Each structure stands twice: as C-alpha cells, then as structure tokens.
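Peer 1: This is input.json (JSON, C-alpha atoms).
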[["chain", "number", "residue", "atom", "x", "y", "z"],
["A", 1, "MET", "CA", -15.42, 9.76, -18.87],
["A", 2, "ARG", "CA", -12.88, 7.21, -19.95],
["A", 3, "LEU", "CA", -10.04, 9.35, -18.79],
["A", 4, "PHE", "CA", -10.97, 9.41, -15.14],
["A", 5, "PRO", "CA", -12.80, 6.29, -14.00],
["A", 6, "SER", "CA", -10.48, 5.34, -11.17],
["A", 7, "GLY", "CA", -10.22, 8.95, -10.05],
["A", 8, "LEU", "CA", -13.98, 9.26, -9.84],
["A", 9, "LEU", "CA", -14.24, 6.04, -7.90],
["A", 10, "LEU", "CA", -11.46, 7.17, -5.64],
["A", 11, "SER", "CA", -13.06, 10.51, -4.86],
["A", 12, "TRP", "CA", -16.28, 8.71, -3.92],
["A", 13, "ILE", "CA", -14.32, 6.43, -1.65],
["A", 14, "LEU", "CA", -12.37, 9.28, -0.11],
["A", 15, "THR", "CA", -15.32, 11.58, 0.44],
["A", 16, "GLY", "CA", -17.20, 8.67, 1.98],
["A", 17, "CYS", "CA", -14.42, 7.92, 4.42],
["A", 18, "GLY", "CA", -14.71, 10.83, 6.79],
["A", 19, "GLY", "CA", -11.52, 11.56, 8.67],
["A", 20, "THR", "CA", -9.69, 14.86, 8.56],
["A", 21, "GLN", "CA", -11.29, 17.44, 6.30],
["A", 22, "SER", "CA", -9.50, 18.00, 3.01],
["A", 23, "LEU", "CA", -7.66, 21.29, 2.71],
["A", 24, "TYR", "CA", -8.36, 21.61, -1.02],
["A", 25, "HIS", "CA", -10.71, 21.11, -3.92],
["A", 26, "TRP", "CA", -8.66, 18.56, -5.87],
["A", 27, "GLY", "CA", -10.69, 18.34, -9.05],
["A", 28, "HIS", "CA", -8.91, 16.49, -11.85],
["A", 29, "TYR", "CA", -5.31, 17.62, -11.36],
["A", 30, "GLU", "CA", -3.86, 14.21, -10.50],
["A", 31, "ASP", "CA", -6.09, 12.33, -12.96],
["A", 32, "LEU", "CA", -4.82, 14.63, -15.71],
["A", 33, "LEU", "CA", -1.22, 13.96, -14.70],
["A", 34, "HIS", "CA", -1.91, 10.23, -14.81],
["A", 35, "ALA", "CA", -3.65, 10.48, -18.19],
["A", 36, "MET", "CA", -0.96, 12.65, -19.79],
["A", 37, "TYR", "CA", 1.80, 10.27, -18.74],
["A", 38, "THR", "CA", 0.08, 6.93, -19.37],
["A", 39, "HIS", "CA", -2.03, 7.80, -22.44],
["A", 40, "PRO", "CA", 0.06, 10.18, -24.53],
["A", 41, "GLY", "CA", -2.23, 12.20, -26.79],
["A", 42, "LYS", "CA", -5.29, 11.78, -24.54],
["A", 43, "ALA", "CA", -4.63, 14.78, -22.32],
["A", 44, "GLU", "CA", -3.15, 17.40, -24.61],
["A", 45, "PRO", "CA", -2.59, 20.92, -23.24],
["A", 46, "PRO", "CA", -5.86, 22.47, -24.60],
["A", 47, "LEU", "CA", -7.97, 19.77, -22.90],
["A", 48, "GLN", "CA", -5.99, 20.06, -19.66],
["A", 49, "ILE", "CA", -6.33, 23.85, -19.72],
["A", 50, "GLU", "CA", -10.08, 23.57, -20.12],
["A", 51, "ILE", "CA", -10.52, 21.02, -17.34],
["A", 52, "LEU", "CA", -8.18, 22.74, -14.85],
["A", 53, "SER", "CA", -9.88, 26.09, -15.47],
["A", 54, "GLN", "CA", -13.23, 24.48, -14.68],
["A", 55, "ASP", "CA", -11.74, 22.90, -11.54],
["A", 56, "ILE", "CA", -10.50, 26.31, -10.39],
["A", 57, "ASP", "CA", -13.93, 27.86, -11.02],
["A", 58, "ARG", "CA", -15.54, 25.05, -9.02],
["A", 59, "ALA", "CA", -13.08, 25.53, -6.16],
["A", 60, "HIS", "CA", -13.93, 29.24, -6.04],
["A", 61, "ALA", "CA", -17.67, 28.54, -6.26],
["A", 62, "SER", "CA", -17.50, 26.10, -3.35],
["A", 63, "GLY", "CA", -15.23, 28.32, -1.28],
["A", 64, "GLN", "CA", -12.42, 25.74, -1.24],
["A", 65, "ALA", "CA", -8.74, 26.40, -1.84],
["A", 66, "VAL", "CA", -6.97, 25.50, -5.10],
["A", 67, "PRO", "CA", -4.25, 22.92, -4.30],
["A", 68, "PRO", "CA", -0.52, 23.61, -4.47],
["A", 69, "GLY", "CA", 0.79, 23.36, -8.02],
["A", 70, "VAL", "CA", -2.47, 23.66, -9.95],
["A", 71, "HIS", "CA", -2.06, 27.31, -11.00],
["A", 72, "ALA", "CA", 1.60, 26.63, -11.82],
["A", 73, "HIS", "CA", 0.73, 23.57, -13.92],
["A", 74, "LEU", "CA", -1.98, 25.54, -15.73],
["A", 75, "GLY", "CA", 0.47, 28.39, -16.33],
["A", 76, "TYR", "CA", 2.99, 25.97, -17.81],
["A", 77, "LEU", "CA", 0.36, 24.53, -20.18],
["A", 78, "LEU", "CA", -0.66, 28.06, -21.23],
["A", 79, "SER", "CA", 2.97, 28.91, -21.97],
["A", 80, "LEU", "CA", 3.24, 25.80, -24.17],
["A", 81, "GLN", "CA", 0.27, 27.11, -26.14],
["A", 82, "GLY", "CA", 1.94, 30.51, -26.52],
["A", 83, "HIS", "CA", -0.43, 32.34, -24.16],
["A", 84, "MET", "CA", 2.35, 34.09, -22.28],
["A", 85, "ASP", "CA", 0.30, 36.77, -20.51],
["A", 86, "ALA", "CA", -2.22, 34.24, -19.25],
["A", 87, "ALA", "CA", 0.65, 31.97, -18.19],
["A", 88, "ARG", "CA", 2.30, 34.78, -16.25],
["A", 89, "ARG", "CA", -0.98, 35.49, -14.43],
["A", 90, "GLU", "CA", -1.20, 31.86, -13.31],
["A", 91, "PHE", "CA", 2.42, 31.86, -12.07],
["A", 92, "GLU", "CA", 1.74, 35.06, -10.14],
["A", 93, "THR", "CA", -1.40, 33.52, -8.63],
["A", 94, "GLU", "CA", 0.56, 30.44, -7.52],
["A", 95, "LYS", "CA", 3.11, 32.78, -5.93],
["A", 96, "SER", "CA", 0.55, 34.80, -4.03],
["A", 97, "LEU", "CA", -1.32, 31.70, -2.79],
["A", 98, "TYR", "CA", 1.90, 29.84, -1.93],
["A", 99, "PRO", "CA", 4.92, 32.07, -1.23],
["A", 100, "GLU", "CA", 7.06, 28.88, -1.05],
["A", 101, "SER", "CA", 6.77, 28.71, -4.85],
["A", 102, "ALA", "CA", 8.17, 32.21, -5.45],
["A", 103, "ARG", "CA", 11.67, 31.31, -6.53],
["A", 104, "PHE", "CA", 10.55, 28.61, -8.94],
["A", 105, "MET", "CA", 7.76, 30.76, -10.41],
["A", 106, "ASP", "CA", 10.26, 33.59, -10.97],
["A", 107, "GLN", "CA", 12.55, 31.08, -12.65],
["A", 108, "LEU", "CA", 9.77, 29.97, -15.01],
["A", 109, "MET", "CA", 8.84, 33.57, -15.85],
["A", 110, "LYS", "CA", 12.47, 34.43, -16.45],
["A", 111, "GLY", "CA", 12.68, 31.50, -18.87],
["A", 112, "MET", "CA", 9.65, 32.82, -20.77],
["A", 113, "THR", "CA", 11.16, 36.23, -21.46],
["A", 114, "GLU", "CA", 14.51, 34.93, -22.64],
["B", 1, "MET", "CA", -17.06, -1.75, -14.29],
["B", 2, "ALA", "CA", -13.68, -3.42, -14.50],
["B", 3, "VAL", "CA", -13.21, -2.52, -10.88],
["B", 4, "GLY", "CA", -16.49, -4.23, -10.02],
["B", 5, "LEU", "CA", -15.32, -7.40, -11.71],
["B", 6, "MET", "CA", -12.28, -7.60, -9.55],
["B", 7, "ALA", "CA", -12.68, -9.81, -6.54],
["B", 8, "VAL", "CA", -10.19, -8.64, -4.03],
["B", 9, "ILE", "CA", -9.13, -11.66, -2.07],
["B", 10, "GLY", "CA", -6.10, -10.37, -0.36],
["B", 11, "SER", "CA", -4.27, -7.21, 0.51],
["B", 12, "PHE", "CA", -1.09, -6.90, 2.44],
["B", 13, "ALA", "CA", 0.79, -3.92, 3.74],
["B", 14, "GLY", "CA", 4.23, -3.89, 5.25],
["B", 15, "CYS", "CA", 5.91, -1.10, 7.14],
["B", 16, "MET", "CA", 9.55, -1.93, 7.38],
["B", 17, "ALA", "CA", 11.09, 1.12, 9.06],
["B", 18, "PRO", "CA", 12.38, 0.41, 12.55],
["B", 19, "PRO", "CA", 9.96, 1.15, 15.41],
["B", 20, "GLY", "CA", 10.45, 4.30, 17.41],
["B", 21, "PHE", "CA", 11.38, 6.46, 14.45],
["B", 22, "ASP", "CA", 13.67, 9.31, 15.49],
["B", 23, "TYR", "CA", 12.03, 12.60, 14.54],
["B", 24, "SER", "CA", 14.69, 14.91, 16.01],
["B", 25, "ALA", "CA", 16.27, 15.82, 12.65],
["B", 26, "TYR", "CA", 12.81, 16.30, 11.13],
["B", 27, "ARG", "CA", 11.70, 18.61, 13.94],
["B", 28, "ALA", "CA", 15.01, 20.51, 13.70],
["B", 29, "HIS", "CA", 14.57, 21.13, 9.95],
["B", 30, "ARG", "CA", 10.85, 21.27, 9.47],
["B", 31, "PRO", "CA", 10.20, 22.01, 5.79],
["B", 32, "ARG", "CA", 7.45, 24.24, 4.41],
["B", 33, "SER", "CA", 7.86, 22.98, 0.87],
["B", 34, "ILE", "CA", 8.62, 19.58, -0.67],
["B", 35, "LEU", "CA", 10.05, 18.94, -4.13],
["B", 36, "VAL", "CA", 9.24, 15.48, -5.48],
["B", 37, "LEU", "CA", 11.61, 14.38, -8.22],
["B", 38, "PRO", "CA", 10.55, 11.70, -10.71],
["B", 39, "PRO", "CA", 11.34, 8.39, -8.96],
["B", 40, "ARG", "CA", 14.25, 6.16, -9.91],
["B", 41, "ASN", "CA", 12.96, 2.93, -11.34],
["B", 42, "GLU", "CA", 14.21, -0.53, -10.38],
["B", 43, "SER", "CA", 11.15, -2.24, -11.84],
["B", 44, "ASN", "CA", 10.85, -3.06, -15.54],
["B", 45, "ILE", "CA", 7.64, -1.03, -15.96],
["B", 46, "VAL", "CA", 8.62, 2.16, -17.78],
["B", 47, "GLN", "CA", 5.48, 4.07, -16.70],
["B", 48, "ALA", "CA", 5.84, 3.26, -13.01],
["B", 49, "PRO", "CA", 7.65, 6.44, -11.93],
["B", 50, "TYR", "CA", 5.07, 8.59, -13.67],
["B", 51, "VAL", "CA", 2.07, 6.78, -12.21],
["B", 52, "TYR", "CA", 3.74, 7.28, -8.84],
["B", 53, "LEU", "CA", 4.42, 10.93, -9.57],
["B", 54, "SER", "CA", 0.77, 11.53, -10.45],
["B", 55, "THR", "CA", -0.39, 10.33, -7.02],
["B", 56, "ILE", "CA", 2.08, 11.84, -4.57],
["B", 57, "THR", "CA", 1.05, 15.52, -4.57],
["B", 58, "ARG", "CA", -2.28, 15.07, -2.87],
["B", 59, "PRO", "CA", -1.23, 13.16, 0.26],
["B", 60, "LEU", "CA", 1.78, 15.43, 0.84],
["B", 61, "ALA", "CA", -0.30, 18.58, 0.36],
["B", 62, "GLU", "CA", -2.99, 17.21, 2.69],
["B", 63, "CYS", "CA", -0.27, 16.77, 5.32],
["B", 64, "GLY", "CA", 0.14, 20.55, 5.08],
["B", 65, "TYR", "CA", 3.10, 21.03, 2.74],
["B", 66, "TYR", "CA", 3.57, 23.11, -0.36],
["B", 67, "VAL", "CA", 4.29, 20.58, -3.11],
["B", 68, "PHE", "CA", 5.98, 21.83, -6.27],
["B", 69, "PRO", "CA", 4.07, 21.04, -9.49],
["B", 70, "VAL", "CA", 5.49, 17.61, -10.30],
["B", 71, "ALA", "CA", 5.04, 17.65, -14.08],
["B", 72, "VAL", "CA", 6.36, 21.20, -14.42],
["B", 73, "ILE", "CA", 9.42, 20.24, -12.38],
["B", 74, "ASP", "CA", 9.96, 17.18, -14.60],
["B", 75, "ALA", "CA", 9.69, 19.29, -17.77],
["B", 76, "PHE", "CA", 11.89, 22.03, -16.31],
["B", 77, "MET", "CA", 14.62, 19.55, -15.40],
["B", 78, "LYS", "CA", 14.47, 17.96, -18.86],
["B", 79, "GLU", "CA", 14.66, 21.37, -20.53],
["B", 80, "ASN", "CA", 17.76, 22.03, -18.45],
["B", 81, "GLY", "CA", 19.69, 19.04, -19.68],
["B", 82, "LEU", "CA", 18.61, 16.38, -17.18],
["B", 83, "PRO", "CA", 16.69, 13.78, -19.20],
["B", 84, "THR", "CA", 16.54, 10.97, -16.63],
["B", 85, "ALA", "CA", 15.53, 10.49, -13.01],
["B", 86, "GLU", "CA", 19.07, 9.26, -12.28],
["B", 87, "GLU", "CA", 20.47, 12.59, -13.43],
["B", 88, "MET", "CA", 17.81, 14.61, -11.61],
["B", 89, "HIS", "CA", 18.59, 12.75, -8.38],
["B", 90, "GLY", "CA", 22.23, 13.73, -8.88],
["B", 91, "VAL", "CA", 21.58, 17.49, -8.75],
["B", 92, "SER", "CA", 23.15, 19.05, -5.65],
["B", 93, "LEU", "CA", 20.87, 20.20, -2.84],
["B", 94, "GLN", "CA", 22.48, 23.61, -2.98],
["B", 95, "LYS", "CA", 21.52, 23.96, -6.64],
["B", 96, "ILE", "CA", 17.96, 22.81, -5.92],
["B", 97, "ARG", "CA", 17.65, 25.37, -3.16],
["B", 98, "GLU", "CA", 19.11, 28.12, -5.35],
["B", 99, "VAL", "CA", 17.05, 27.49, -8.47],
["B", 100, "ILE", "CA", 13.78, 26.08, -7.10],
["B", 101, "GLY", "CA", 13.78, 27.20, -3.49],
["B", 102, "ALA", "CA", 12.65, 23.86, -2.04],
["B", 103, "ASP", "CA", 13.14, 23.23, 1.69],
["B", 104, "ALA", "CA", 13.18, 19.45, 1.28],
["B", 105, "VAL", "CA", 13.41, 16.91, -1.52],
["B", 106, "LEU", "CA", 11.56, 13.59, -1.60],
["B", 107, "TYR", "CA", 13.73, 10.98, -3.33],
["B", 108, "VAL", "CA", 11.72, 7.91, -4.30],
["B", 109, "THR", "CA", 12.91, 4.61, -5.74],
["B", 110, "ILE", "CA", 10.40, 2.20, -7.26],
["B", 111, "GLU", "CA", 11.42, -1.36, -6.32],
["B", 112, "ASP", "CA", 8.64, -3.43, -7.87],
["B", 113, "TRP", "CA", 5.57, -2.53, -9.88],
["B", 114, "GLY", "CA", 2.69, -3.78, -11.95],
["B", 115, "GLN", "CA", 0.40, -6.67, -12.69],
["B", 116, "LYS", "CA", 1.65, -10.20, -12.70],
["B", 117, "TYR", "CA", -0.65, -12.63, -14.50],
["B", 118, "LEU", "CA", -0.91, -16.08, -13.03],
["B", 119, "ILE", "CA", -3.10, -18.83, -14.43],
["B", 120, "VAL", "CA", -6.29, -18.06, -12.55],
["B", 121, "GLN", "CA", -5.65, -14.66, -11.10],
["B", 122, "SER", "CA", -3.56, -11.57, -11.43],
["B", 123, "VAL", "CA", -1.67, -9.82, -8.68],
["B", 124, "THR", "CA", -0.93, -6.11, -8.71],
["B", 125, "VAL", "CA", 2.13, -4.97, -6.78],
["B", 126, "VAL", "CA", 3.53, -1.58, -5.84],
["B", 127, "LYS", "CA", 6.73, -1.35, -3.83],
["B", 128, "ALA", "CA", 8.93, 1.68, -3.21],
["B", 129, "ARG", "CA", 11.19, 3.41, -0.73],
["B", 130, "ALA", "CA", 11.38, 7.15, -0.06],
["B", 131, "GLN", "CA", 13.71, 9.58, 1.69],
["B", 132, "LEU", "CA", 12.97, 13.17, 2.62],
["B", 133, "VAL", "CA", 16.14, 15.26, 2.66],
["B", 134, "ASP", "CA", 16.61, 18.75, 4.10],
["B", 135, "THR", "CA", 18.19, 20.95, 1.42],
["B", 136, "VAL", "CA", 20.14, 23.11, 3.90],
["B", 137, "SER", "CA", 21.81, 20.49, 6.11],
["B", 138, "GLY", "CA", 21.61, 17.52, 3.74],
["B", 139, "ASP", "CA", 20.13, 15.47, 6.61],
["B", 140, "VAL", "CA", 17.69, 12.67, 5.85],
["B", 141, "ILE", "CA", 14.83, 13.93, 8.01],
["B", 142, "TRP", "CA", 12.40, 11.10, 7.24],
["B", 143, "GLN", "CA", 12.27, 7.82, 5.38],
["B", 144, "GLY", "CA", 9.60, 5.32, 4.59],
["B", 145, "ARG", "CA", 8.86, 2.14, 2.67],
["B", 146, "GLN", "CA", 5.69, 1.08, 0.97],
["B", 147, "TYR", "CA", 4.55, -2.29, -0.27],
["B", 148, "LEU", "CA", 1.02, -3.24, -1.23],
["B", 149, "SER", "CA", -0.25, -6.09, -3.32],
["B", 150, "GLN", "CA", -3.75, -6.91, -4.41],
["B", 151, "SER", "CA", -5.04, -10.07, -6.00],
["B", 152, "SER", "CA", -7.94, -10.22, -8.37],
["B", 153, "GLY", "CA", -9.64, -13.44, -9.31],
["B", 154, "GLY", "CA", -9.88, -16.51, -7.08],
["B", 155, "GLY", "CA", -13.09, -18.36, -6.22],
["B", 156, "ASP", "CA", -14.21, -20.87, -8.85],
["B", 157, "PRO", "CA", -11.56, -21.43, -11.53],
["B", 158, "LEU", "CA", -13.73, -20.66, -14.58],
["B", 159, "GLY", "CA", -15.10, -17.41, -13.16],
["B", 160, "SER", "CA", -11.61, -16.38, -12.17],
["B", 161, "LEU", "CA", -10.29, -17.11, -15.64],
["B", 162, "ILE", "CA", -12.97, -14.88, -17.16],
["B", 163, "SER", "CA", -12.43, -12.01, -14.80],
["B", 164, "ALA", "CA", -8.66, -12.19, -15.23],
["B", 165, "THR", "CA", -9.17, -12.02, -18.98],
["B", 166, "LEU", "CA", -11.59, -9.13, -18.72],
["B", 167, "THR", "CA", -9.26, -7.31, -16.37],
["B", 168, "GLN", "CA", -6.56, -7.70, -18.98],
["B", 169, "VAL", "CA", -8.79, -6.51, -21.83],
["B", 170, "PHE", "CA", -10.00, -3.49, -19.91],
["B", 171, "ALA", "CA", -6.64, -2.65, -18.38],
["B", 172, "TRP", "CA", -6.65, 0.65, -20.26],
["B", 173, "LEU", "CA", -9.91, 1.53, -18.50],
["B", 174, "SER", "CA", -8.47, 1.42, -15.05],
["B", 175, "ASP", "CA", -4.81, 1.16, -14.23],
["B", 176, "PRO", "CA", -4.87, -1.02, -11.09],
["B", 177, "THR", "CA", -1.57, 0.40, -9.89],
["B", 178, "TYR", "CA", -3.12, 3.89, -9.71],
["B", 179, "PRO", "CA", -5.57, 3.27, -6.82],
["B", 180, "LEU", "CA", -3.13, 0.84, -5.21],
["B", 181, "ILE", "CA", -0.21, 3.28, -5.02],
["B", 182, "ARG", "CA", -2.61, 5.93, -3.67],
["B", 183, "ARG", "CA", -3.49, 3.62, -0.80],
["B", 184, "ALA", "CA", 0.17, 2.76, -0.29],
["B", 185, "ASN", "CA", 1.05, 6.48, -0.19],
["B", 186, "TYR", "CA", -1.55, 7.22, 2.46],
["B", 187, "ARG", "CA", -0.44, 4.24, 4.53],
["B", 188, "MET", "CA", 3.21, 5.22, 4.39],
["B", 189, "LEU", "CA", 2.75, 8.94, 4.95],
["B", 190, "SER", "CA", 0.09, 8.73, 7.64],
["B", 191, "ASP", "CA", 1.51, 5.81, 9.58],
["B", 192, "PRO", "CA", 0.93, 6.77, 13.23],
["B", 193, "ASP", "CA", 4.42, 5.69, 14.37],
["B", 194, "GLN", "CA", 6.65, 6.45, 11.41],
["B", 195, "GLY", "CA", 4.69, 8.66, 9.02],
["B", 196, "LEU", "CA", 5.21, 12.31, 8.15],
["B", 197, "LEU", "CA", 4.88, 15.22, 10.54],
["B", 198, "LEU", "CA", 2.40, 17.95, 9.67],
["B", 199, "GLY", "CA", 3.45, 20.90, 7.53],
["B", 200, "PRO", "CA", 2.62, 24.61, 7.80],
["B", 201, "TYR", "CA", -0.78, 24.49, 6.07],
["B", 202, "ARG", "CA", -2.16, 22.24, 8.84],
["B", 203, "SER", "CA", -2.34, 23.41, 12.41],
["B", 204, "TYR", "CA", -0.56, 21.23, 14.94],
["B", 205, "THR", "CA", 0.66, 21.27, 18.51],
["B", 206, "GLN", "CA", 3.96, 20.10, 19.94],
["B", 207, "GLU", "CA", 2.28, 17.00, 21.39],
["B", 208, "ASN", "CA", 0.26, 16.23, 18.30],
["B", 209, "ASP", "CA", 2.11, 16.91, 15.06],
["B", 210, "HIS", "CA", 1.76, 13.66, 13.11],
["B", 211, "CYS", "CA", 0.06, 13.50, 9.75],
["B", 212, "LEU", "CA", -2.47, 10.86, 10.72],
["B", 213, "ASP", "CA", -5.29, 10.96, 8.23],
["B", 214, "PRO", "CA", -4.30, 13.20, 5.35],
["B", 215, "HIS", "CA", -7.51, 13.27, 3.40]]
Mind converting the file's structure to structure tokens?
Peer 2:
Amino acid sequence: MRLFPSGLLLSWILTGCGGTQSLYHWGHYEDLLHAMYTHPGKAEPPLQIEILSQDIDRAHASGQAVPPGVHAHLGYLLSLQGHMDAARREFETEKSLYPESARFMDQLMKGMTE
Amino acid sequence: MAVGLMAVIGSFAGCMAPPGFDYSAYRAHRPRSILVLPPRNESNIVQAPYVYLSTITRPLAECGYYVFPVAVIDAFMKENGLPTAEEMHGVSLQKIREVIGADAVLYVTIEDWGQKYLIVQSVTVVKARAQLVDTVSGDVIWQGRQYLSQSSGGGDPLGSLISATLTQVFAWLSDPTYPLIRRANYRMLSDPDQGLLLGPYRSYTQENDHCLDPH
C-alpha cells in the first residue's frame, strides 16, 4: 500500500479522464521503477517479480496487452535471481510481442550465457 | 491523505518551442522504437533523473512507440562501463543502433527539480528539455521543453503552516514530483502544435498523425 499511493491515485485520475483508450494494462510497472530508485530496499527483485507476474496475469485475464518493456524488465529481475531459463522465456516473449526489441533481447541473452 | 491535505493554489505550464514546429525530419525518419537514456541532471536533486525515468515509458508507449525497458537499459549501460548519464549520452548513435537496435534516442536534461519550502507554503517544480534523435541520420527529429510548478499551502497562515509541515513529514508517502512530472510529460508529448507524432502501435492517417491524448 505504502509503495504505490500516488500511482493508485493517478490511475483513478487517468481512468476517470476519458480520452483515447489506453493500449495497455499498465499495472505497477512504473510505480515499481519509482519505488526501486527512490526507496532502495523497498522493491527488491523478489517483490517486483511477484507483482509484475500478477500484473501480467491480470492483463491476460482482462484481454489487454502487456506494455513494452515489462517482460524484459521481469526477465532481467529473474536473471538477477539466477532463474536463467525463466529469464530467457521472458526475453523471448518480449521479442515476440515487440520485434523492435529483438536485438537488445539477443544481447541480454548472449550476456547470460557468457 | 497527504495529497488531500495539499491545497493546490496555482499551476503553470510553459511550452517554449517555437510555433509552427517543423515535422519534416520527423516524418522522414519516423521511428518504431525509442530508447530513453537516464537524463542528465542540472538540478541538485540526485534522484531527479530516476523519478523522471520511471514516468516516461507510459506516455511514449501510449503514443504508439516501442519503448526499451528503462531500468534494464540503465543497468546494461552501467555493466558495460558507463556509470553516469553523461557517459551514456556520449555513446555514438551507430553503437546504440548496433547493440540495442533503437531507431531513435530521447536525450533528456533535467533543468530544475523538487520542492522548495517557503515560510507558509511549498512549491514543487519540474523543468526539463528533451531531444529525439534519429539513430541513422543523427537528425534531431523532435524537441520539447517542460516546466510545471505546483504550490501547496496558502489560505490562512496557520493552516498553511500545518499543511506544509505535514507535507514535509509525509513526503516519503507521496513524492510530489512524481505526479507532477507525469502531467508535464503528457503536456509536452501531446501538445497539439509541437508534441510527438504517433508511432506504429497507434493507427494514424497522413492528415491526423499527432499524439494528442496519449492515455
């Protein structure tokens, strides 16, 4: 709760505003980035992995797309925790959803095997 | 709660780019993907570039672009011997294209940032400039400036003193620069005359290709 107050408020404001329909289910991706940078120790990889995985499940359940970067960020966190196979799956998912990411995802996977 | 205590008495936005922005270079090198590097920081708030970085993905992606994962990029650059934003901004476009595959890079400089406490109120300021550069030609295809400030407090002096104090005490609860820079991002990127053009994940026509309301 304490991690995301402004994000929650913001999503209420944004969803209440109308306008162009969002392309994505944003979940907590940006709030996690904010928390990990401004409150070191409050958004450690295991917590981020748990929350992002839930966000992805929710996106699928609601039929919305997962935003650019989320699978890649999750993959990076998994690699930090030593879960290399799971990390690779996330990088591959990012690649298939967003072909623009291919070169960078390949670069990250190359770095993992070295 | 802290947000509720804040009495917003003023908000100001400035758009300083010249009118009649020339989109010809942008339309000639329309990117599919945007790499956002950690901003350079001219303010004295160490966290500023990272608060900025945590808010920029969403508006760019809602304009229809692929946005590289900002924190992974930051970590990747650091692991490759580039510890500061200065150094990251110095990487050649050719290298960025080769290694990351980005079509365009958004270079941001934070000019002013944070809360300034006055006697009866506090003012939160975010100010930055941004340039979008095509990685093939090196052309600056778009540029924008953002400046927003928000006062809290005001009204009767005693009440203002209390709310300023509470805002200070509960600053950890809600970083006032976080919602403010989000608003500033949307204003800059979706400005009808000088904002971004739409990217490939939004449909657009030749007559109507501005990113007007990216949420």
Peer 1: Show me, as a PyMOL selection string, the residues that have an atom within 7 Å of Leu132 (chain B) when counting all atoms listed in the file, minus same-chain residues fewer than 6 positions from it.
Peer 2: chain B and resi 104-107+140-143
Peer 1: Write out as a Markdown table a residue-level contact list of chain A versus chain B with cut-off 7 Å: for each qualifying residue the closest pair of atoms and the distance in Å to one decimal, counting all atoms listed in the file, rows sorted by chain and residue number upward.
Peer 2:
| residue | atom | partner | partner_atom | distance |
| --- | --- | --- | --- | --- |
| A:Arg2 | CA | B:Leu173 | CA | 6.6 |
| A:Pro5 | CA | B:Ser174 | CA | 6.6 |
| A:Ser6 | CA | B:Ser174 | CA | 5.9 |
| A:Gly19 | CA | B:Asp213 | CA | 6.3 |
| A:Thr20 | CA | B:His215 | CA | 5.8 |
| A:Gln21 | CA | B:His215 | CA | 6.3 |
| A:Ser22 | CA | B:His215 | CA | 5.1 |
| A:Leu23 | CA | B:Glu62 | CA | 6.2 |
| A:Glu30 | CA | B:Ser54 | CA | 5.3 |
| A:Leu33 | CA | B:Ser54 | CA | 5.3 |
| A:His34 | CA | B:Ser54 | CA | 5.3 |
| A:Tyr37 | CA | B:Tyr50 | CA | 6.3 |
| A:Thr38 | CA | B:Gln47 | CA | 6.7 |
| A:Pro68 | CA | B:Tyr66 | CA | 5.8 |
| A:Gly69 | CA | B:Pro69 | CA | 4.3 |
| A:Ala72 | CA | B:Pro69 | CA | 6.5 |
| A:His73 | CA | B:Pro69 | CA | 6.1 |
| A:Tyr76 | CA | B:Val72 | CA | 6.8 |
| A:Glu100 | CA | B:Ser33 | CA | 6.3 |
| A:Arg103 | CA | B:Gly101 | CA | 5.5 |
| A:Phe104 | CA | B:Ile100 | CA | 4.5 |
Peer 1: In terms of the shortest atom-to-atom distance over only C-alpha atoms, which of B:Ala128, B:Leu189, B:Leu148, B:Val123 is closest to Val108 (chain B)?
Peer 2: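 Closest candidate: B:Ala128.
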Peer 1: Would you compute the distance between CA of Gly81 (chain B) and CA of Lys95 (chain B)? Give it in Å to one decimal.
Peer 2: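 The value is 14.1 Å.
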Peer 1: Mind checking which residues fall within 10 Å of Ile49 (chain A), counting all atoms listed in the file, ignoring those fewer than 3 positions away in the same chain, and posting them as an MDAnalysis selection string?
Peer 2: chainID A and resid 43:46 52:55 73:78 81
Peer 1: Suppose you want the space between CA of Asp209 (chain B) and CA of Leu197 (chain B); what is it in Å?
Peer 2: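 According to the coordinates, CA of Asp209 (chain B) and CA of Leu197 (chain B) are separated by 5.6 Å.
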Peer 1: List every protein, DNA or RNA residue with an atom no more than 10 Å from (9.0, 32.6, -11.9) in the file's coordinates, counting only C-alpha atoms, and format the result as a PyMOL selection string.
Peer 2: (chain A and resi 72+88+91-92+94-95+101-112) or (chain B and resi 100)
Peer 1: For the residues in that selection, give me C-alpha atoms as a PDB file, in the frame of the given file.
Peer 2:
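That gives us result07.pdb:
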ATOM      1  CA  ALA A  72       1.600  26.630 -11.820  1.00  0.00           C
ATOM      2  CA  ARG A  88       2.300  34.780 -16.250  1.00  0.00           C
ATOM      3  CA  PHE A  91       2.420  31.860 -12.070  1.00  0.00           C
ATOM      4  CA  GLU A  92       1.740  35.060 -10.140  1.00  0.00           C
ATOM      5  CA  GLU A  94       0.560  30.440  -7.520  1.00  0.00           C
ATOM      6  CA  LYS A  95       3.110  32.780  -5.930  1.00  0.00           C
ATOM      7  CA  SER A 101       6.770  28.710  -4.850  1.00  0.00           C
ATOM      8  CA  ALA A 102       8.170  32.210  -5.450  1.00  0.00           C
ATOM      9  CA  ARG A 103      11.670  31.310  -6.530  1.00  0.00           C
ATOM     10  CA  PHE A 104      10.550  28.610  -8.940  1.00  0.00           C
ATOM     11  CA  MET A 105       7.760  30.760 -10.410  1.00  0.00           C
ATOM     12  CA  ASP A 106      10.260  33.590 -10.970  1.00  0.00           C
ATOM     13  CA  GLN A 107      12.550  31.080 -12.650  1.00  0.00           C
ATOM     14  CA  LEU A 108       9.770  29.970 -15.010  1.00  0.00           C
ATOM     15  CA  MET A 109       8.840  33.570 -15.850  1.00  0.00           C
ATOM     16  CA  LYS A 110      12.470  34.430 -16.450  1.00  0.00           C
ATOM     17  CA  GLY A 111      12.680  31.500 -18.870  1.00  0.00           C
ATOM     18  CA  MET A 112       9.650  32.820 -20.770  1.00  0.00           C
TER      19      MET A 112
ATOM     20  CA  ILE B 100      13.780  26.080  -7.100  1.00  0.00           C
TER      21      ILE B 100
END
